[in-house]
Each structure stands twice: as structure tokens, then as C-alpha cells.
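Scroll down for the structure; my scribbles are underneath it.
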Number of protein chains: 2
Amino acid sequence: MNTTARTSDLSVNAAPNSHEIAFTRTFDAPREAVYALYTDATAIPQWWGPRRFRTVVDELDLRVGGRWRFLNIDSDDNEYGFHGVFHEITLGERIDQTFEFEGAPGHVSLETLRFGQDADGRTRLTGTSVSLSVEARDAIVGSGMEGGLAETYERLEELLAGS
Amino acid sequence: MNTTARTSDLSVNAAPNSHEIAFTRTFDAPREAVYALYTDATAIPQWWGPRRFRTVVDELDLRVGGRWRFLNIDSDDNEYGFHGVFHEITLGERIDQTFEFEGAPGHVSLETLRFGQDADGRTRLTGTSVSLSVEARDAIVGSGMEGGLAETYERLEELLAGS
């Protein structure tokens, strides 16, 4: 666990009556490094999800049409599954995928992640998620998605810093 | 070709500044019959797409995670491909899938189709499509999607009527 205070600039935007959640976050690392941690089955357990869970990569078939499935496992061995399908992959730049939480079956969302490089060398990660209804989007927001994302990206930042 | 005038109640709604296209259409047939034509690879070429194209079912793997791919082929043998992945299937009631037009690569949308039975025995088909941006949604609307849908459902209605 890292004790150095870092400044997170995570911004999450869910406008009223919209199907979308949009977020942006920068990282003090080149985008190749951020993309690599996003797509490496051995790295993902070190940063994906809140710290109170152990993360297991069950599937990571990183090609168009390929499936991913990750598990969050708590200290009582309860498993929470997440899965989806990759739809577009631009190496080092972009991933479009679907996302489903297995605890809420039948609620698919569609996501795009863009790995951009700012002029100062930082990586700017921008994400968009759309749900099939505004109500489903609101349920994701209400589930504490922003806090989970903040913790996940703190972990990713620590890993990038080698801490 | 059928010469009997039929009344289409197709309603397509694309609210300003929304990611969504929503539509509804009724058919004078039980929903089992409508669902069957939607999921039958030998029936799809008889109704899917505008009449000026020949439709070929290249893939139809109707299971969660399975892929579909249809081609529209014009009189000059130009091929227009469409494909996606099935995400949720409730037999006879609901299909969630992704949709991509291969002429506009990188623009995935997520769709749900519900096959409902009205009290008078008609099938009520309701569909929702969400795109990753409002601009992408607007481009689909601007491409003449409503006219294509109207023609497709006229063909489906004719097939259901055995005409």
C-alpha cells in the first residue's frame, strides 16, 4: 500500500436523462504503459477493482469478438463476476467492449476507452459507457461506480509508479 | 409482391441530444411467429433489409456470445455487411445484441428487441438502440434508418401473412 498522497483528477459525468456515463482521468505515464497494464492478464489482478477484493482473470481473449471475464472475490470467498466481448481494438489507443455485471443479469452496457497522450507526456484516459435505458444507467451510477473507479485508478497509478 | 394495402404503425423516436433510437411496430400474428422469422436463417433473406438488396445470412450463431453477420447485395454485386454479437436471449421474448455496419467501422451500437403480445393477439415489437455518442446516433438516423426499417417490417408483415 502506498502512503504518498497523489492527486487524482478523475472526473465522472452522468448528465440527467442521458444513457451515458463519461469519465476522464490522467496518469503520469506514457499511454503504452497504461494500455499494457489494461491488457495484461498478469497485471490486471494487481489493479482492477476495489482493494477489498481479490481479482481473478478468468478469460481475456483480446481480439474483436473475443470474451473477457474477471472475478472479484471477497474475504468470505464470495465471487462477483463481470464479463463482456471486445468489439473494436486499436492497439495502444482504443478498446470498445461490452460490460455485464453478473449480479445484475440482463443489463448490458457498451463502453469505449481511449488512451490519449497529452502534450506534457501524461496519458489521458477517456471512457464512455452507454446503457440500454436511462434507468439502467442511473442504477450503475447509484451502485457506487464512481468510488469503485476512483479506487481502481488509484491502484493503477500506484502500479505505474512502481510503488 | 403484395398489393393489399396494410397499415403500418411503425413509430421511431430519436429525441434530441439522446444516445437512443426507440421504435415500436405491431404485427397481426402471434409473437412466436414473429420471433421464429427473426431467428430462422432461411427466413431472414426473405424479409431483412430493403427490397432492392439480396440478403445473405453469413453467420447466425443464436446463443449468448454468438455472432451474426448478414450481407445486403445490390444488383451490381456490391456487398454491404452487418454484424454483431448476441448478448442476451430470452427465447421467444427478447434479444439483446450489438450491431455494426461494416461500411462505418468503429461505430458499434447496442440493441434490445422485445417481442410482446398485445391483448388483441397482435405482436408488439419494441426496439431500442443506443450508440456510443449522440453524434453516432444522429448519423444512424440521418442515414435513412427509419425508411429502411419501415420497408423491412413491411416485408416481415407480408411474410407473416403468407403473401
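Residue numbers start at 1 in each chain; chains themselves are named A, B, ... in the order of the C-alpha cells; ligands are numbered from 1 in the order shown.
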
Query raised in the report: Using only C-alpha atoms, which residues sit within 7 Å of Asp28 in chain A once same-chain residues fewer than 2 positions away are excluded, as number ranges by chain?
Result: A: 26, 122-123

Report task. With a distance threshold of 12 Å and counting only C-alpha atoms, extract the residues of chain A near chain B and express them as a VMD selection string. Result -> chain A and resid 15 to 22 64 to 68 83 to 90 94 to 100 105 to 113 127 to 134 137

Query - Which of range 24-160 of chain B fall in alpha helix (DSSP H), as a PyMOL selection string - result: chain B and resi 31-38+134-142+145-160

Put those residues in a file: N, CA and C atoms, as a compact mmCIF listing (two decimals), in the first residue's frame.
# COMPACT_ATOMS: atom_id res chain seq x y z
N ARG B 31 -46.59 -13.75 -31.27
CA ARG B 31 -45.18 -13.39 -31.16
C ARG B 31 -44.27 -14.57 -31.46
N GLU B 32 -44.76 -15.80 -31.24
CA GLU B 32 -43.94 -16.96 -31.59
C GLU B 32 -43.58 -16.94 -33.08
N ALA B 33 -44.57 -16.51 -33.90
CA ALA B 33 -44.34 -16.49 -35.35
C ALA B 33 -43.33 -15.40 -35.73
N VAL B 34 -43.45 -14.23 -35.08
CA VAL B 34 -42.53 -13.13 -35.38
C VAL B 34 -41.12 -13.51 -34.93
N TYR B 35 -41.02 -14.03 -33.72
CA TYR B 35 -39.70 -14.44 -33.20
C TYR B 35 -39.08 -15.51 -34.10
N ALA B 36 -39.91 -16.43 -34.57
CA ALA B 36 -39.39 -17.51 -35.42
C ALA B 36 -38.77 -16.95 -36.71
N LEU B 37 -39.42 -15.98 -37.34
CA LEU B 37 -38.88 -15.42 -38.58
C LEU B 37 -37.61 -14.62 -38.31
N TYR B 38 -37.51 -14.04 -37.10
CA TYR B 38 -36.33 -13.26 -36.71
C TYR B 38 -35.11 -14.14 -36.51
N VAL B 134 -23.97 10.75 -29.08
CA VAL B 134 -25.16 11.33 -29.70
C VAL B 134 -24.91 11.54 -31.20
N GLU B 135 -23.67 11.93 -31.55
CA GLU B 135 -23.32 12.16 -32.96
C GLU B 135 -23.45 10.87 -33.77
N ALA B 136 -22.99 9.77 -33.19
CA ALA B 136 -23.10 8.48 -33.90
C ALA B 136 -24.57 8.10 -34.05
N ARG B 137 -25.36 8.36 -33.02
CA ARG B 137 -26.80 8.09 -33.11
C ARG B 137 -27.43 8.94 -34.21
N ASP B 138 -27.07 10.23 -34.23
CA ASP B 138 -27.61 11.13 -35.25
C ASP B 138 -27.24 10.67 -36.67
N ALA B 139 -26.03 10.14 -36.80
CA ALA B 139 -25.60 9.67 -38.13
C ALA B 139 -26.44 8.49 -38.58
N ILE B 140 -26.81 7.61 -37.64
CA ILE B 140 -27.67 6.47 -38.00
C ILE B 140 -29.05 6.97 -38.43
N VAL B 141 -29.60 7.91 -37.66
CA VAL B 141 -30.90 8.49 -38.01
C VAL B 141 -30.82 9.14 -39.39
N GLY B 142 -29.73 9.87 -39.63
CA GLY B 142 -29.56 10.60 -40.89
C GLY B 142 -29.33 9.70 -42.09
N MET B 145 -32.36 5.37 -41.67
CA MET B 145 -32.67 4.16 -40.91
C MET B 145 -34.18 3.93 -40.82
N GLU B 146 -34.95 5.01 -40.67
CA GLU B 146 -36.40 4.83 -40.49
C GLU B 146 -37.05 4.23 -41.74
N GLY B 147 -36.64 4.73 -42.90
CA GLY B 147 -37.19 4.18 -44.15
C GLY B 147 -36.82 2.72 -44.34
N GLY B 148 -35.58 2.40 -44.02
CA GLY B 148 -35.13 1.00 -44.13
C GLY B 148 -35.91 0.08 -43.20
N LEU B 149 -36.14 0.58 -42.00
CA LEU B 149 -36.89 -0.21 -41.01
C LEU B 149 -38.33 -0.41 -41.48
N ALA B 150 -38.92 0.66 -42.01
CA ALA B 150 -40.31 0.58 -42.49
C ALA B 150 -40.44 -0.48 -43.58
N GLU B 151 -39.48 -0.48 -44.51
CA GLU B 151 -39.54 -1.43 -45.63
C GLU B 151 -39.30 -2.86 -45.13
N THR B 152 -38.33 -3.01 -44.24
CA THR B 152 -38.05 -4.31 -43.66
C THR B 152 -39.29 -4.88 -42.98
N TYR B 153 -39.99 -4.06 -42.22
CA TYR B 153 -41.14 -4.57 -41.47
C TYR B 153 -42.37 -4.78 -42.36
N GLU B 154 -42.46 -4.03 -43.45
CA GLU B 154 -43.50 -4.35 -44.44
C GLU B 154 -43.26 -5.75 -45.01
N ARG B 155 -42.01 -6.04 -45.30
CA ARG B 155 -41.67 -7.37 -45.84
C ARG B 155 -41.97 -8.46 -44.81
N LEU B 156 -41.61 -8.18 -43.56
CA LEU B 156 -41.86 -9.16 -42.50
C LEU B 156 -43.37 -9.41 -42.35
N GLU B 157 -44.16 -8.33 -42.44
CA GLU B 157 -45.61 -8.46 -42.33
C GLU B 157 -46.18 -9.29 -43.49
N GLU B 158 -45.66 -9.06 -44.68
CA GLU B 158 -46.12 -9.84 -45.83
C GLU B 158 -45.81 -11.32 -45.66
N LEU B 159 -44.62 -11.59 -45.13
CA LEU B 159 -44.21 -12.99 -44.93
C LEU B 159 -45.10 -13.66 -43.87
N LEU B 160 -45.41 -12.90 -42.82
CA LEU B 160 -46.28 -13.43 -41.76
C LEU B 160 -47.68 -13.73 -42.31

Query raised in the report: Which distance in Å separates CA of Val57 in chain B and CA of Arg63 in chain A, to one decimal?
Result: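 Separating CA of Val57 in chain B from CA of Arg63 in chain A is a distance of 22.9 Å.
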
Report task. Taking the DSSP assignment computed from this structure's backbone, write out as a ChimeraX atom specification all residues of range 35-103 of chain B that belong to strand (DSSP E). Result -> /B:54-60,67-73,79-90,94-101

Query raised in the report: Could you state the separation of CA of Asn72 in chain A and CA of Gln46 in chain A in Å, given to one decimal place?
Result: 11.7 Å

Query - CA of Pro30 in chain A to CA of Arg54 in chain A, distance in Å rounded to a single decimal - result: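 Distance between the two atoms: 26.9 Å.
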